[in-house]
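Below is one structure, written out as structure tokens; comments come after it.
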Amino acid sequence: MTAPLSPSLAADCARLAAGTHHDPHQILGPHPTGGRVVVRFFHPDVVEASVAHAGGVVPMRRVDERGLFETVVPVKELAGYRLRCRTAHAGWEMDDPYRFWPSLGELDLHLIGEGTHRELWRRLGARVMDHQGVSGVAFAVWAPNARGVSLVSDANGWDTRVQPMRSLESSGVWELFVPGIAAGTKYKFRVIRSDGRRILKADPLARAAEAPPKTASIVERSTHEWGDEAWLAQRAAQPLLNRPISIYEVHLGSWRRNSDGHVLGYRQLAEELADYCVQSGFTHVELLPVAEHPFDGSWGYQVSSYYAPTARFGNPDDFRYFVDHLHQHGVGVILDWVPGHFPKDEWALARFDGTALYEHADPRRGEQPDWGTLIFNFGRVEVRNFLIANARFWIEEFHVDGLRVDAVASMLYLDYSRKPGEWLANQYGGNENLDAIAFLRQFNEAVHGDYPGVVSIAEESTAWPGVSRPTSGGGLGFTFKWNMGWMHDTLEYMGKDPIYRRYHHNQMTFGFLYAWSENFVLPLSHDEVVHGKGSLLSRMSGDRWQQFANLRALFGWMWAYPGKKLLFMGGEFGQDAEWAHDRSIDWHLVEFAEHRGLQRLVQDLGAHYREIPALWERDHDPDGFHWIDAGNVDQNVFIFLRRDAEGRAGLVCLANFSPATRQGFRVGVPFPGRWREVVNTDSEVYGGSNQGNRESVTAERIGWHGLPYSALVTVPPLGVVWLAPEGQPG
């Protein structure tokens with residue numbers, strides 16, 4: 001029979017048993033007093049326990065039926081000891097987690113509290129470390145309104161009762177160092193929410209997670225040795241704004257699969273994708289989100305673990321290998337990043353401690369009706385810290401070269417996709433989300449200030465001014481913005497029967513009125529080949545031959561047009577079917593000549609694009625572009641000139657979007673001599689009718705199109721021709 005506890009200790013024991021003690025270390029572990037050390041231990045199922053230390057083994061007695069054990073060790077200090085425990089079914093020995101000081105210092109807690117910790121992932125989450133000379137894992141989680149938090153893991157039998165965490169001062173952080181466990185441990189946090197409800201939560205800063213549908217977090221420690229130092233040095237020395245960028249947009253789960261339909265792993269994807277990008281002339285891959293997400297059908301855009309690469313394709317070091325391998329083969333890696341919203345899954349971020357912790361409390365600002373998700377509270381400093389540290393995390397831990405921010409418009413506008421009465425105006429009565437604007441500027445300043453050469457790209461579909469302009473001048477600070485207007489107008493034009501294109505000529509010229517208002521990327525992305533839109537090929541007008549000719553012409557036009565390039569996988573060889581996330585794109589099509597020819601054209605465009613500086617040195621400078629003929633409405637012909645950084649004419653692009661061959665067509669050029677036919681999208685090697693100029697044309701002193709010289713050119717049907725002056729690269 002146990003002696004009655006003091007009222008205070010009894011109350012503490014009751015709180016331990018209920019899981020609501022804010023500081024279990026105050027009761028458990030060693031407590032020196034009067035030249036002796038009192039040791040307490042809590043476990044409801046243990047029937048026998050003892051303390052093993054350098055001076056011997058001291059039995060513990062059960063002082064409360066709820067599972068509290070206590071003993072007195074006759075020493076002044078108890079630097080180290082182990083607990084020996086036995087239940088009715090098993091016995092074990094362990095180092096006592098409650099004998100360790102906090103693993104977080106006062107400065108860390110201060111920075112976390114004020115929302116300015118630059119390396120949040122190195123303090124919160126699960127960290128493998130040596131602490132007070134002992135190897136183990138330090139766990140820390142932000143849950144300021146929780147009544148109690150406990151660690152549950154496969155190391156403690158998923159028992160929610162036995163490893164309560166302590167709350168550290170007023171930071172809202174709960175912490176526990178567990179000795180003797182290591183990387184690979186699966187865990188969650190049992191959170192007793194402010195409303196008293198108990199729920200298991202995945203770690204918001206977990207650096208690894210189980211593959212869905214499982215949801216546990218995993219302790220991770222990298223052993224990867226990087227080999228991309230040369231790439232990183234070049235990246236920092238040569239910013240991308242005035243370099244060639246052609247991006248291959250990829251969904252890893254459906255780019256290529258095994259013959260049995262299973263996805264490839266990060267390492268195999270690295271080998272195959274690097275080779276394919278080099279062969280195809282792409283400078284970068286852009287991956288649809290790789291942060292862990294529960295639902296395949298979201299394509300990764302509903303993130304549950306922002307700091308964990310999805311386990312669908314391997315572990316975090318496998319993903320490090322992926323990035324490293326692409327870098328060593330000269331291919332950059334850009335990630336789609338989703339800071340605008342997150343899913344409502346109960347085990348993840350939603351109402352994490354029982355309150356609207358990460359999300360905005362008011363549903364008029366905190367819920368996204370289009371996607372059934374929650375919106376981050378950008379006005380809360382800890383939330384901004386969580387997201388900006390996450391951006392830094394992907395750049396530092398995985399060496400990524402850029403982040404493309406998804407759905408920026410949904411962040412900028414308080415009334416985005418909302419009816420009157422469904423949104424809350426800002427303090428000035430406007431529809432601008434001032435907190436989100438401040439967050440985006442802070443994000444871009446952090447990325448560009450800390451990581452020279454790393455790019456940020458906005459998917460922003462409105463006329464918001466200054467998206468890719470410096471924050472110092474009132475802009476949002478992105479490096480690039482997707483040119484959604486160009487994409488919509490161009491695809492709509494290419495879907496018209498040529499007989500009607502004369503009435504829509506301005507759709508191909510209007511973009512030049514704003515082409516230099518931002519630093520643009522020209523996107524033919526995954527969004528254009530889903531939701532019943534069909535494939536790029538099927539969106540072209542005409543019969544089968546004309547569809548291929550139109551798509552070849554579109555690519556020839558796009559690669560010559562000012563702006564960086566982005567093409568979603570499958571488009572480069574003329575995928576017939578609309579994209580589906582749960583199967584491979586149709587690689588078998590390249591066995592057919594028409595698809596193989598289109599693929600070869602994209603390869604050649606990529607190679608020529610990189611070799612001709614006029615196509616990228618002045619992408620964002622109107623002096624790098626000159627219309628030769630923008631008004632040939634009746635013939636559906638467009639002609640323009642691109643100039644390099646020195647002002648030299650480097651390329652003339654002639655586009656004929658009618659099915660009629662234009663023979664003996666005179667085009668003005670700036671100087672005489674031979675102009676080589678660098679690209680002809682109608683070449684027979686690409687599947688065309690082979691109407692062309694036999695390698696070159698000669699310009700003579702006949703003024704035309706306002707220029708002093710001109711040449712007679714054959715412009716093929718539904719075709720694009722690139723002419724470069726003799727002696728120029730390409």
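Labels used: A, B, ... for chains in the order of the structure tokens, numbers from 1 for residues in each chain, and numbers from 1 for ligands as shown.
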
Could you give me, as JSON lines, a per-residue list for segment 160-213 of chain A showing, wherever an atom lies at most 10 Å from an atom of segment 150-154 of chain A, the closest pair of atoms and their distance in Å to one decimal, using only C-alpha atoms and sorting by chain then residue number from low to high?
{"residue": "A:Thr160", "atom": "CA", "partner": "A:Val152", "partner_atom": "CA", "distance": 5.5}
{"residue": "A:Arg161", "atom": "CA", "partner": "A:Ser150", "partner_atom": "CA", "distance": 7.3}
{"residue": "A:Val162", "atom": "CA", "partner": "A:Ser150", "partner_atom": "CA", "distance": 7.8}
{"residue": "A:Gln163", "atom": "CA", "partner": "A:Leu151", "partner_atom": "CA", "distance": 5.5}
{"residue": "A:Pro164", "atom": "CA", "partner": "A:Ser150", "partner_atom": "CA", "distance": 4.0}
{"residue": "A:Met165", "atom": "CA", "partner": "A:Ser150", "partner_atom": "CA", "distance": 5.2}
{"residue": "A:Arg166", "atom": "CA", "partner": "A:Ser150", "partner_atom": "CA", "distance": 8.7}
{"residue": "A:Trp174", "atom": "CA", "partner": "A:Ser150", "partner_atom": "CA", "distance": 8.8}
{"residue": "A:Glu175", "atom": "CA", "partner": "A:Leu151", "partner_atom": "CA", "distance": 9.2}
{"residue": "A:Leu176", "atom": "CA", "partner": "A:Leu151", "partner_atom": "CA", "distance": 7.9}
{"residue": "A:Val178", "atom": "CA", "partner": "A:Leu151", "partner_atom": "CA", "distance": 9.5}
{"residue": "A:Gly184", "atom": "CA", "partner": "A:Asp154", "partner_atom": "CA", "distance": 9.8}
{"residue": "A:Thr185", "atom": "CA", "partner": "A:Asp154", "partner_atom": "CA", "distance": 6.6}
{"residue": "A:Lys186", "atom": "CA", "partner": "A:Ser153", "partner_atom": "CA", "distance": 5.5}
{"residue": "A:Tyr187", "atom": "CA", "partner": "A:Ser153", "partner_atom": "CA", "distance": 4.0}
{"residue": "A:Lys188", "atom": "CA", "partner": "A:Val152", "partner_atom": "CA", "distance": 5.4}
{"residue": "A:Phe189", "atom": "CA", "partner": "A:Leu151", "partner_atom": "CA", "distance": 4.9}
{"residue": "A:Arg190", "atom": "CA", "partner": "A:Ser150", "partner_atom": "CA", "distance": 5.1}
{"residue": "A:Val191", "atom": "CA", "partner": "A:Ser150", "partner_atom": "CA", "distance": 6.6}
{"residue": "A:Ile192", "atom": "CA", "partner": "A:Ser150", "partner_atom": "CA", "distance": 8.6}
{"residue": "A:Leu200", "atom": "CA", "partner": "A:Val152", "partner_atom": "CA", "distance": 8.5}
{"residue": "A:Lys201", "atom": "CA", "partner": "A:Val152", "partner_atom": "CA", "distance": 9.8}

Could those residues be written to a file, using N, CA and C atoms, as an mmCIF file, in the first residue's frame?
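This is the output file result-v4.cif:
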data_model
loop_
_atom_site.group_PDB
_atom_site.id
_atom_site.type_symbol
_atom_site.label_atom_id
_atom_site.label_comp_id
_atom_site.auth_asym_id
_atom_site.auth_seq_id
_atom_site.Cartn_x
_atom_site.Cartn_y
_atom_site.Cartn_z
ATOM 1 N N THR A 160 0.444 7.086 -25.822
ATOM 2 C CA THR A 160 0.246 8.530 -25.677
ATOM 3 C C THR A 160 0.486 9.024 -24.255
ATOM 4 N N ARG A 161 0.709 8.096 -23.294
ATOM 5 C CA ARG A 161 0.730 8.487 -21.877
ATOM 6 C C ARG A 161 2.122 8.717 -21.314
ATOM 7 N N VAL A 162 3.169 8.206 -21.963
ATOM 8 C CA VAL A 162 4.425 8.015 -21.240
ATOM 9 C C VAL A 162 5.519 9.024 -21.552
ATOM 10 N N GLN A 163 5.355 9.859 -22.587
ATOM 11 C CA GLN A 163 6.397 10.842 -22.892
ATOM 12 C C GLN A 163 5.787 12.228 -23.086
ATOM 13 N N PRO A 164 5.252 12.801 -22.010
ATOM 14 C CA PRO A 164 4.742 14.170 -22.099
ATOM 15 C C PRO A 164 5.886 15.150 -22.341
ATOM 16 N N MET A 165 5.594 16.217 -23.077
ATOM 17 C CA MET A 165 6.585 17.237 -23.409
ATOM 18 C C MET A 165 6.382 18.455 -22.515
ATOM 19 N N ARG A 166 7.428 19.267 -22.409
ATOM 20 C CA ARG A 166 7.325 20.465 -21.581
ATOM 21 C C ARG A 166 7.158 21.702 -22.453
ATOM 22 N N TRP A 174 6.770 23.295 -27.355
ATOM 23 C CA TRP A 174 6.842 22.134 -26.473
ATOM 24 C C TRP A 174 8.041 21.300 -26.900
ATOM 25 N N GLU A 175 8.795 20.767 -25.902
ATOM 26 C CA GLU A 175 10.088 20.141 -26.214
ATOM 27 C C GLU A 175 10.304 18.890 -25.378
ATOM 28 N N LEU A 176 11.029 17.943 -25.987
ATOM 29 C CA LEU A 176 11.473 16.757 -25.252
ATOM 30 C C LEU A 176 12.667 16.155 -25.980
ATOM 31 N N VAL A 178 14.778 12.785 -26.320
ATOM 32 C CA VAL A 178 14.651 11.356 -26.046
ATOM 33 C C VAL A 178 15.987 10.691 -26.378
ATOM 34 N N GLY A 184 15.023 7.424 -38.546
ATOM 35 C CA GLY A 184 14.157 6.311 -38.920
ATOM 36 C C GLY A 184 13.003 6.102 -37.972
ATOM 37 N N THR A 185 13.071 6.691 -36.778
ATOM 38 C CA THR A 185 11.978 6.573 -35.819
ATOM 39 C C THR A 185 10.729 7.250 -36.371
ATOM 40 N N LYS A 186 9.605 6.555 -36.304
ATOM 41 C CA LYS A 186 8.327 7.132 -36.724
ATOM 42 C C LYS A 186 7.650 7.739 -35.504
ATOM 43 N N TYR A 187 7.009 8.897 -35.702
ATOM 44 C CA TYR A 187 6.439 9.578 -34.551
ATOM 45 C C TYR A 187 5.294 10.494 -34.951
ATOM 46 N N LYS A 188 4.521 10.896 -33.944
ATOM 47 C CA LYS A 188 3.528 11.962 -34.031
ATOM 48 C C LYS A 188 3.478 12.680 -32.684
ATOM 49 N N PHE A 189 2.709 13.738 -32.642
ATOM 50 C CA PHE A 189 2.451 14.428 -31.386
ATOM 51 C C PHE A 189 0.990 14.223 -30.997
ATOM 52 N N ARG A 190 0.771 13.793 -29.725
ATOM 53 C CA ARG A 190 -0.602 13.766 -29.223
ATOM 54 C C ARG A 190 -0.852 15.130 -28.604
ATOM 55 N N VAL A 191 -1.762 15.861 -29.203
ATOM 56 C CA VAL A 191 -2.070 17.211 -28.761
ATOM 57 C C VAL A 191 -3.412 17.207 -28.052
ATOM 58 N N ILE A 192 -3.409 17.714 -26.817
ATOM 59 C CA ILE A 192 -4.671 17.966 -26.130
ATOM 60 C C ILE A 192 -5.023 19.416 -26.423
ATOM 61 N N LEU A 200 -3.984 12.982 -32.580
ATOM 62 C CA LEU A 200 -2.614 12.735 -33.029
ATOM 63 C C LEU A 200 -2.326 13.613 -34.245
ATOM 64 N N LYS A 201 -1.229 14.347 -34.166
ATOM 65 C CA LYS A 201 -0.862 15.269 -35.231
ATOM 66 C C LYS A 201 0.508 14.907 -35.796
#

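For Ser696 of chain A, the non-local neighbours within 10 Å, defined as residues at least 5 positions apart in the same chain or in other chains and counting only C-alpha atoms, are A:Gly673, A:Arg674, A:Trp675, A:Arg676, A:Glu677, A:Val678, A:Val713, A:Leu723, A:Ala724, A:Pro725, A:Glu726.
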
With only C-alpha atoms as the basis for distance, which of A:Ser254, A:Thr215, A:Thr116, A:Asn506 is at the shortest distance from His581 of chain A? A:Ser254

Pick out the closest residue to Ser417 of chain A from this set: A:Arg469, A:His262, A:His448, A:Arg364. Count only C-alpha atoms.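 For Ser417 of chain A, the nearest of the candidates is A:Arg364.
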
Going by DSSP on the backbone, which residues of segment 306-477 of chain A come out as strand (DSSP E or B)? List them as a PyMOL selection string. chain A and resi 306-309+332-337+341-342+359+367-368+373-376+402-405+413+432+455-458

When you look at Trp559 of chain A with a cut-off of 9 Å (counting only C-alpha atoms), what residues show up, excluding the ones that are within fewer than 5 positions of it in the same chain? I need them as JSON, numbers by chain. {"A": [246, 554, 564, 565, 605, 606, 609, 615]}

For Phe555 of chain A, the nearest of the candidates A:Leu598, A:Ile702, A:Val38, A:Leu589, counting only C-alpha atoms: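 For Phe555 of chain A, the nearest of the given residues is A:Leu598.
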
Set the distance at 9 Å and use only C-alpha atoms: which residues neighbour Phe386 of chain A once local chain neighbours fewer than 2 positions away are removed? I'd like the list as number ranges by chain. A: 115, 117, 120-121, 205, 381-384, 388-391

For Asp586 of chain A: contacts at 9 Å, only C-alpha atoms, fewer than 2 positions along chain excluded, given as a list in words: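 Skipping anything fewer than 2 positions along the chain leaves Arg256, Gly570, Gln575, Asp576, Ala577, Arg583, Ser584, His588, Leu589 and Val590 of chain A.
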
Apply DSSP to the structure's backbone, then extract all residues of segment 371-595 of chain A labelled helix (DSSP H, G or I) and return them as an MDAnalysis selection string. chainID A and resid 381:398 408:412 434:450 471:473 484:494 498:504 506:513 526:529 544:560 571:573 587:591 593:595

Please produce a file of those selected residues containing C-alpha atoms, as a JSON list (two decimals), in the first residue's frame.
[["chain", "number", "residue", "atom", "x", "y", "z"],
["A", 381, "VAL", "CA", 4.64, 36.46, -37.66],
["A", 382, "GLU", "CA", 5.08, 32.81, -36.67],
["A", 383, "VAL", "CA", 3.21, 31.67, -39.79],
["A", 384, "ARG", "CA", 5.30, 33.88, -42.06],
["A", 385, "ASN", "CA", 8.39, 32.48, -40.34],
["A", 386, "PHE", "CA", 7.17, 28.91, -40.95],
["A", 387, "LEU", "CA", 6.77, 29.60, -44.68],
["A", 388, "ILE", "CA", 9.87, 31.73, -45.32],
["A", 389, "ALA", "CA", 12.04, 29.29, -43.39],
["A", 390, "ASN", "CA", 10.49, 26.57, -45.55],
["A", 391, "ALA", "CA", 11.65, 28.38, -48.69],
["A", 392, "ARG", "CA", 15.15, 28.60, -47.23],
["A", 393, "PHE", "CA", 14.94, 24.92, -46.26],
["A", 394, "TRP", "CA", 14.44, 23.71, -49.83],
["A", 395, "ILE", "CA", 17.26, 25.91, -51.09],
["A", 396, "GLU", "CA", 19.74, 25.01, -48.34],
["A", 397, "GLU", "CA", 18.92, 21.37, -47.72],
["A", 398, "PHE", "CA", 18.20, 20.35, -51.31],
["A", 408, "VAL", "CA", -0.33, 34.05, -56.36],
["A", 409, "ALA", "CA", -3.55, 35.79, -57.43],
["A", 410, "SER", "CA", -5.48, 33.83, -54.81],
["A", 411, "MET", "CA", -3.15, 35.32, -52.20],
["A", 412, "LEU", "CA", -3.21, 38.90, -53.43],
["A", 434, "LEU", "CA", -2.07, 43.51, -47.38],
["A", 435, "ASP", "CA", -0.68, 40.74, -45.15],
["A", 436, "ALA", "CA", -0.10, 38.45, -48.14],
["A", 437, "ILE", "CA", 1.58, 41.25, -50.06],
["A", 438, "ALA", "CA", 3.92, 41.88, -47.15],
["A", 439, "PHE", "CA", 4.65, 38.16, -46.89],
["A", 440, "LEU", "CA", 5.47, 37.80, -50.60],
["A", 441, "ARG", "CA", 7.84, 40.75, -50.45],
["A", 442, "GLN", "CA", 9.51, 39.36, -47.34],
["A", 443, "PHE", "CA", 9.83, 35.96, -49.01],
["A", 444, "ASN", "CA", 11.46, 37.40, -52.12],
["A", 445, "GLU", "CA", 13.82, 39.59, -50.11],
["A", 446, "ALA", "CA", 14.90, 36.54, -48.11],
["A", 447, "VAL", "CA", 15.46, 34.35, -51.17],
["A", 448, "HIS", "CA", 17.30, 36.93, -53.25],
["A", 449, "GLY", "CA", 19.20, 38.39, -50.34],
["A", 450, "ASP", "CA", 20.50, 35.09, -49.00],
["A", 471, "THR", "CA", 10.41, 45.49, -53.53],
["A", 472, "SER", "CA", 12.41, 48.69, -53.08],
["A", 473, "GLY", "CA", 10.32, 50.21, -55.85],
["A", 484, "MET", "CA", -0.72, 33.89, -68.70],
["A", 485, "GLY", "CA", -2.07, 36.45, -71.15],
["A", 486, "TRP", "CA", 0.38, 35.30, -73.83],
["A", 487, "MET", "CA", -0.57, 31.70, -73.20],
["A", 488, "HIS", "CA", -4.34, 32.26, -73.42],
["A", 489, "ASP", "CA", -4.18, 34.45, -76.52],
["A", 490, "THR", "CA", -1.72, 32.20, -78.35],
["A", 491, "LEU", "CA", -3.57, 28.95, -77.70],
["A", 492, "GLU", "CA", -6.89, 30.52, -78.64],
["A", 493, "TYR", "CA", -5.41, 31.77, -81.92],
["A", 494, "MET", "CA", -3.81, 28.42, -82.72],
["A", 498, "PRO", "CA", -6.68, 29.58, -90.45],
["A", 499, "ILE", "CA", -9.50, 31.03, -92.51],
["A", 500, "TYR", "CA", -10.63, 32.93, -89.42],
["A", 501, "ARG", "CA", -7.22, 33.86, -88.05],
["A", 502, "ARG", "CA", -7.17, 37.17, -89.92],
["A", 503, "TYR", "CA", -9.91, 38.33, -87.56],
["A", 504, "HIS", "CA", -7.80, 37.43, -84.51],
["A", 506, "ASN", "CA", -4.15, 40.97, -82.68],
["A", 507, "GLN", "CA", -4.08, 37.98, -80.34],
["A", 508, "MET", "CA", -0.55, 37.29, -81.55],
["A", 509, "THR", "CA", 0.59, 40.91, -81.41],
["A", 510, "PHE", "CA", -1.21, 42.27, -78.34],
["A", 511, "GLY", "CA", 1.27, 40.64, -75.96],
["A", 512, "PHE", "CA", 4.00, 42.93, -77.19],
["A", 513, "LEU", "CA", 2.19, 45.90, -75.68],
["A", 526, "HIS", "CA", 0.07, 21.23, -67.05],
["A", 527, "ASP", "CA", -2.96, 23.49, -66.53],
["A", 528, "GLU", "CA", -3.45, 23.64, -70.31],
["A", 529, "VAL", "CA", -3.80, 19.87, -70.75],
["A", 544, "ARG", "CA", -4.01, 15.47, -88.27],
["A", 545, "TRP", "CA", -1.25, 16.86, -90.49],
["A", 546, "GLN", "CA", -2.31, 20.44, -89.80],
["A", 547, "GLN", "CA", -2.43, 19.84, -86.05],
["A", 548, "PHE", "CA", 1.18, 18.69, -86.09],
["A", 549, "ALA", "CA", 2.18, 21.55, -88.38],
["A", 550, "ASN", "CA", 0.44, 24.05, -86.11],
["A", 551, "LEU", "CA", 2.10, 22.66, -83.00],
["A", 552, "ARG", "CA", 5.52, 22.74, -84.66],
["A", 553, "ALA", "CA", 4.87, 26.33, -85.69],
["A", 554, "LEU", "CA", 3.74, 27.22, -82.17],
["A", 555, "PHE", "CA", 7.00, 25.88, -80.73],
["A", 556, "GLY", "CA", 9.05, 27.73, -83.36],
["A", 557, "TRP", "CA", 7.18, 30.93, -82.53],
["A", 558, "MET", "CA", 7.48, 30.42, -78.77],
["A", 559, "TRP", "CA", 11.22, 29.72, -78.73],
["A", 560, "ALA", "CA", 11.85, 32.92, -80.72],
["A", 571, "GLY", "CA", 3.92, 18.30, -75.27],
["A", 572, "GLU", "CA", 7.39, 17.94, -76.77],
["A", 573, "PHE", "CA", 6.39, 14.81, -78.70],
["A", 587, "TRP", "CA", 6.14, 7.35, -74.65],
["A", 588, "HIS", "CA", 5.19, 4.74, -77.22],
["A", 589, "LEU", "CA", 4.08, 7.56, -79.54],
["A", 590, "VAL", "CA", 7.69, 8.48, -80.36],
["A", 591, "GLU", "CA", 7.84, 5.25, -82.35],
["A", 593, "ALA", "CA", 7.40, 9.44, -87.38],
["A", 594, "GLU", "CA", 5.14, 12.45, -86.82],
["A", 595, "HIS", "CA", 5.65, 12.36, -83.04]]

Given the choices A:Gly180, A:Asp203, A:Val46, A:Thr87, which gets closest to Gly133 of chain A if the distance is worked out from only C-alpha atoms?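 So, comparing all the options, the nearest one is A:Gly180.
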
Please provide the set of residues having any atom within 12 Å of segment 367-371 of chain A, restricted to only C-alpha atoms, with same-chain residues fewer than 2 positions apart removed, written as a ChimeraX atom specification. /A:297-298,301-302,340-344,350,356,358-365,373-377,407,410-411,413-419,422-424

Print the selection's residues with N, CA and C atoms to a file, as a tab-separated table (two decimals), in the first residue's frame.
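Done, and the output landed in part-v5.tsv:
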chain	number	residue	atom	x	y	z
A	297	GLY	N	-4.55	12.97	-56.32
A	297	GLY	CA	-5.32	13.77	-57.27
A	297	GLY	C	-5.14	15.26	-57.13
A	298	SER	N	-4.47	15.70	-56.05
A	298	SER	CA	-4.16	17.14	-55.93
A	298	SER	C	-2.91	17.51	-56.70
A	301	TYR	N	-0.53	19.83	-54.89
A	301	TYR	CA	-0.85	21.22	-54.56
A	301	TYR	C	-1.64	21.37	-53.26
A	302	GLN	N	-1.87	20.25	-52.54
A	302	GLN	CA	-2.47	20.33	-51.21
A	302	GLN	C	-1.50	19.67	-50.24
A	340	GLY	N	0.08	29.32	-50.34
A	340	GLY	CA	-1.19	30.02	-50.28
A	340	GLY	C	-2.26	29.31	-49.48
A	341	HIS	N	-2.22	27.99	-49.44
A	341	HIS	CA	-3.32	27.26	-48.80
A	341	HIS	C	-2.87	25.85	-48.47
A	342	PHE	N	-3.61	25.17	-47.61
A	342	PHE	CA	-3.26	23.80	-47.22
A	342	PHE	C	-4.55	23.04	-46.92
A	343	PRO	N	-4.51	21.70	-46.98
A	343	PRO	CA	-5.73	20.91	-46.83
A	343	PRO	C	-6.23	20.86	-45.39
A	344	LYS	N	-7.47	20.40	-45.24
A	344	LYS	CA	-8.14	20.38	-43.95
A	344	LYS	C	-7.95	19.08	-43.18
A	350	ALA	N	-4.35	21.70	-39.91
A	350	ALA	CA	-5.62	22.35	-39.61
A	350	ALA	C	-5.90	22.37	-38.10
A	356	ALA	N	-7.23	28.34	-34.60
A	356	ALA	CA	-6.76	28.65	-35.96
A	356	ALA	C	-5.32	29.12	-35.84
A	358	TYR	N	-2.35	28.07	-37.86
A	358	TYR	CA	-1.70	28.38	-39.13
A	358	TYR	C	-2.67	29.10	-40.08
A	359	GLU	N	-3.95	28.82	-39.98
A	359	GLU	CA	-4.93	29.41	-40.86
A	359	GLU	C	-5.53	30.67	-40.24
A	360	HIS	N	-6.14	31.49	-41.10
A	360	HIS	CA	-6.84	32.67	-40.60
A	360	HIS	C	-8.15	32.21	-39.96
A	361	ALA	N	-8.48	32.81	-38.80
A	361	ALA	CA	-9.64	32.36	-38.04
A	361	ALA	C	-10.96	32.68	-38.74
A	362	ASP	N	-11.02	33.80	-39.45
A	362	ASP	CA	-12.26	34.20	-40.11
A	362	ASP	C	-12.37	33.45	-41.44
A	363	PRO	N	-13.42	32.64	-41.62
A	363	PRO	CA	-13.53	31.87	-42.88
A	363	PRO	C	-13.59	32.75	-44.12
A	364	ARG	N	-13.95	34.00	-43.96
A	364	ARG	CA	-13.95	34.91	-45.12
A	364	ARG	C	-12.54	35.21	-45.60
A	365	ARG	N	-11.57	34.94	-44.74
A	365	ARG	CA	-10.17	35.07	-45.13
A	365	ARG	C	-9.41	33.75	-44.98
A	373	THR	N	-9.83	24.20	-49.16
A	373	THR	CA	-8.63	24.23	-48.33
A	373	THR	C	-8.66	25.42	-47.39
A	374	LEU	N	-7.66	25.50	-46.54
A	374	LEU	CA	-7.51	26.60	-45.60
A	374	LEU	C	-6.40	27.54	-46.07
A	375	ILE	N	-6.54	28.81	-45.72
A	375	ILE	CA	-5.59	29.83	-46.16
A	375	ILE	C	-4.73	30.24	-44.97
A	376	PHE	N	-3.43	30.30	-45.19
A	376	PHE	CA	-2.52	30.71	-44.13
A	376	PHE	C	-2.86	32.11	-43.63
A	377	ASN	N	-2.62	32.32	-42.34
A	377	ASN	CA	-2.79	33.64	-41.74
A	377	ASN	C	-1.48	34.42	-41.94
A	407	ALA	N	-0.47	29.94	-57.60
A	407	ALA	CA	-1.73	30.65	-57.33
A	407	ALA	C	-1.52	31.96	-56.58
A	410	SER	N	-4.59	34.20	-55.91
A	410	SER	CA	-5.48	33.83	-54.81
A	410	SER	C	-4.99	34.40	-53.49
A	411	MET	N	-3.72	34.73	-53.41
A	411	MET	CA	-3.15	35.32	-52.20
A	411	MET	C	-3.31	36.83	-52.19
A	413	TYR	N	-5.64	38.83	-53.59
A	413	TYR	CA	-6.97	39.43	-53.58
A	413	TYR	C	-7.85	38.78	-52.51
A	414	LEU	N	-8.40	39.60	-51.64
A	414	LEU	CA	-9.29	39.09	-50.60
A	414	LEU	C	-10.61	38.56	-51.17
A	415	ASP	N	-10.99	39.06	-52.34
A	415	ASP	CA	-12.25	38.61	-52.95
A	415	ASP	C	-12.02	37.57	-54.04
A	416	TYR	N	-10.84	36.96	-54.05
A	416	TYR	CA	-10.54	35.96	-55.09
A	416	TYR	C	-11.58	34.84	-55.04
A	417	SER	N	-12.28	34.65	-56.15
A	417	SER	CA	-13.27	33.57	-56.30
A	417	SER	C	-14.36	33.64	-55.23
A	418	ARG	N	-14.70	34.83	-54.80
A	418	ARG	CA	-15.74	34.99	-53.78
A	418	ARG	C	-16.83	35.94	-54.29
A	419	LYS	N	-18.04	35.71	-53.85
A	419	LYS	CA	-19.16	36.56	-54.19
A	419	LYS	C	-19.26	37.71	-53.18
A	422	GLU	N	-19.02	37.52	-49.20
A	422	GLU	CA	-18.24	36.35	-48.79
A	422	GLU	C	-16.79	36.70	-48.48
A	423	TRP	N	-16.46	37.97	-48.52
A	423	TRP	CA	-15.08	38.36	-48.25
A	423	TRP	C	-15.05	39.59	-47.36
A	424	LEU	N	-13.91	39.77	-46.72
A	424	LEU	CA	-13.72	40.84	-45.75
A	424	LEU	C	-12.69	41.82	-46.29

Of the listed residues A:Tyr276, A:Trp579, A:Trp255, A:Tyr98, that which approaches Gly80 of chain A most closely, counting only C-alpha atoms: A:Tyr98

Exercise: segment 620-622 of chain A partners within 9 Å, only C-alpha atoms, chain neighbours under 2 positions left out, as a ChimeraX atom specification: /A:241-242,515-520,562-563,616-618,624-626

Pick from A:Leu16, A:Val250, A:Ile628, A:Ile585 nearest to Leu524 of chain A, counting only C-alpha atoms: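 The closest residue to Leu524 of chain A is A:Val250.
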
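The two atoms in question, atom CA of Ala79 of chain A and atom CA of Val51 of chain A, are spaced 12.4 Å apart.
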
Atomic separation - atom CA of Asp95 of chain A relative to atom CA of Ala146 of chain A, Å: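 Between atom CA of Ala146 of chain A and atom CA of Asp95 of chain A the gap works out to 27.3 Å.
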